[in-house]
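Note sheet for the following structure.
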Amino acid sequence: MKKLILLLLFIPIVFSCSKDDLVEIKPDNQIVGKWHFNTYTIDNVDAVYDECKQKGYFLFLNDGTGQEVIYFNNSTYGCKLDSTKNLKWSFNGTEYDIKTFSGGSYAGVSSFGITYQYFGKISDEFLKIPVVYNETINLKKE
């Protein structure tokens with residue numbers, strides 16, 4: 001009798017979930033959101049960014065655009081916004097292709113645009129972006 005009662009209690013739970021309740025997380029949209037600078041790795045040695053640098057982030061939007069925001073700790077003025085760049089991102093099946101755009105200048109006159117291209121992967125809750133042959137920035141999702 002106890003088994004029958006338990007079975008009757010269990011059946012509504014099984015049928016109460018619908019297919020619409022399930023959210024499919026695709027690799028290409030795992031990046032969507034705000035990712036703060038957290039740590040960096042140089043020659044396989046991890047270091048933590050200072051509190052000011054950790055205010056900076058990459059913001060990835062659903063439409064494949066976003067922003068890179070960088071803060072810098074100045075000894076005279078403290079932690080200040082250093083730069084904001086627009087970005088475009090895509091997923092090629094194995095890694096994220098991230099391009100940031102900023103205006104270039106010479107002698108204070110804007111004259112050319114600069115595009116930086118990065119390739120990153122999400123691993124262990126971090127977005128890892130190699131920036132040079134032996135350095136990786138590690139961003140953590142907010």
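Each chain in the structure tokens gets a letter, A, B, ..., in the order shown, and its residues are numbered from 1; ligands are numbered from 1 in order too.
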
Item checked: All strand (DSSP E or B) positions in stretch 27-124 of chain A, as a PyMOL selection string -> chain A and resi 33-42+45-48+57-60+65-74+78-91+96-106+109-123

Residues of the last selection are to be written out with C-alpha atoms, as an mmCIF file, in the first residue's frame.
```
data_model
loop_
_atom_site.group_PDB
_atom_site.id
_atom_site.type_symbol
_atom_site.label_atom_id
_atom_site.label_comp_id
_atom_site.auth_asym_id
_atom_site.auth_seq_id
_atom_site.Cartn_x
_atom_site.Cartn_y
_atom_site.Cartn_z
ATOM 1 C CA GLY A 33 26.533 38.556 -20.505
ATOM 2 C CA LYS A 34 29.117 40.611 -18.633
ATOM 3 C CA TRP A 35 32.543 39.058 -18.011
ATOM 4 C CA HIS A 36 34.852 40.880 -15.565
ATOM 5 C CA PHE A 37 38.635 40.787 -15.622
ATOM 6 C CA ASN A 38 39.576 38.346 -12.865
ATOM 7 C CA THR A 39 43.018 36.814 -13.274
ATOM 8 C CA TYR A 40 45.745 36.546 -15.862
ATOM 9 C CA THR A 41 48.292 33.866 -16.618
ATOM 10 C CA ILE A 42 51.854 34.484 -17.761
ATOM 11 C CA VAL A 45 51.690 31.386 -13.450
ATOM 12 C CA ASP A 46 48.322 32.823 -12.364
ATOM 13 C CA ALA A 47 47.958 36.284 -10.847
ATOM 14 C CA VAL A 48 44.886 38.218 -9.711
ATOM 15 C CA TYR A 57 34.706 43.877 -18.369
ATOM 16 C CA PHE A 58 33.665 42.499 -21.719
ATOM 17 C CA LEU A 59 29.925 42.770 -22.382
ATOM 18 C CA PHE A 60 28.606 40.330 -24.989
ATOM 19 C CA THR A 65 27.986 42.996 -30.526
ATOM 20 C CA GLY A 66 29.159 44.383 -27.199
ATOM 21 C CA GLN A 67 31.761 46.474 -25.404
ATOM 22 C CA GLU A 68 35.160 46.154 -23.789
ATOM 23 C CA VAL A 69 35.551 48.496 -20.800
ATOM 24 C CA ILE A 70 38.958 48.953 -19.164
ATOM 25 C CA TYR A 71 39.844 50.700 -15.897
ATOM 26 C CA PHE A 72 43.330 51.845 -14.929
ATOM 27 C CA ASN A 73 44.729 52.693 -11.489
ATOM 28 C CA ASN A 74 46.536 56.020 -11.729
ATOM 29 C CA GLY A 78 43.038 56.653 -8.470
ATOM 30 C CA CYS A 79 40.910 54.157 -10.386
ATOM 31 C CA LYS A 80 39.570 55.742 -13.560
ATOM 32 C CA LEU A 81 37.921 54.586 -16.759
ATOM 33 C CA ASP A 82 40.698 54.082 -19.290
ATOM 34 C CA SER A 83 38.835 53.086 -22.458
ATOM 35 C CA THR A 84 35.613 51.777 -23.903
ATOM 36 C CA LYS A 85 35.685 49.887 -27.193
ATOM 37 C CA ASN A 86 32.899 48.442 -29.291
ATOM 38 C CA LEU A 87 33.197 44.796 -30.198
ATOM 39 C CA LYS A 88 31.760 42.115 -32.434
ATOM 40 C CA TRP A 89 31.816 38.444 -31.581
ATOM 41 C CA SER A 90 30.953 35.146 -33.216
ATOM 42 C CA PHE A 91 31.342 31.447 -32.456
ATOM 43 C CA TYR A 96 34.839 32.636 -29.864
ATOM 44 C CA ASP A 97 36.148 35.164 -32.362
ATOM 45 C CA ILE A 98 36.187 38.559 -30.622
ATOM 46 C CA LYS A 99 37.079 41.776 -32.427
ATOM 47 C CA THR A 100 37.372 45.098 -30.581
ATOM 48 C CA PHE A 101 37.443 48.425 -32.385
ATOM 49 C CA SER A 102 38.990 51.721 -31.357
ATOM 50 C CA GLY A 103 39.916 54.898 -33.131
ATOM 51 C CA GLY A 104 43.583 55.549 -33.705
ATOM 52 C CA SER A 105 45.236 58.917 -33.685
ATOM 53 C CA TYR A 106 48.485 60.591 -34.430
ATOM 54 C CA VAL A 109 44.109 63.822 -34.571
ATOM 55 C CA SER A 110 41.860 60.807 -35.186
ATOM 56 C CA SER A 111 43.024 59.357 -38.431
ATOM 57 C CA PHE A 112 42.631 55.582 -38.466
ATOM 58 C CA GLY A 113 40.800 52.746 -36.781
ATOM 59 C CA ILE A 114 42.384 49.881 -34.923
ATOM 60 C CA THR A 115 40.912 46.383 -34.717
ATOM 61 C CA TYR A 116 42.143 43.865 -32.157
ATOM 62 C CA GLN A 117 41.218 40.227 -32.712
ATOM 63 C CA TYR A 118 41.106 37.611 -29.972
ATOM 64 C CA PHE A 119 40.080 33.966 -29.868
ATOM 65 C CA GLY A 120 38.676 32.712 -26.569
ATOM 66 C CA LYS A 121 37.206 29.593 -24.993
ATOM 67 C CA ILE A 122 35.005 29.077 -21.954
ATOM 68 C CA SER A 123 36.517 26.629 -19.485
#
```

Margin query: I need the residue nearest A:Glu95 from this list: A:Ser75, A:Leu139, A:Ile129, A:Asp124. Use only C-alpha atoms for the distance.
Written below: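 The answer is A:Ile129, which sits nearest to A:Glu95.
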
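Closest approach to A:Ile137 among A:Thr76, A:Asp63, A:Thr94, A:Asn44 is made by A:Asn44 (distances from only C-alpha atoms).
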
Notebook entry, point to check: Closest to A:Gly56 among A:Asn134, A:Asn29, A:Gly93, A:Lys141, using only C-alpha atoms?
Noted result: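 Of A:Asn134, A:Asn29, A:Gly93, A:Lys141, the one nearest A:Gly56 is A:Lys141, counting only C-alpha atoms.
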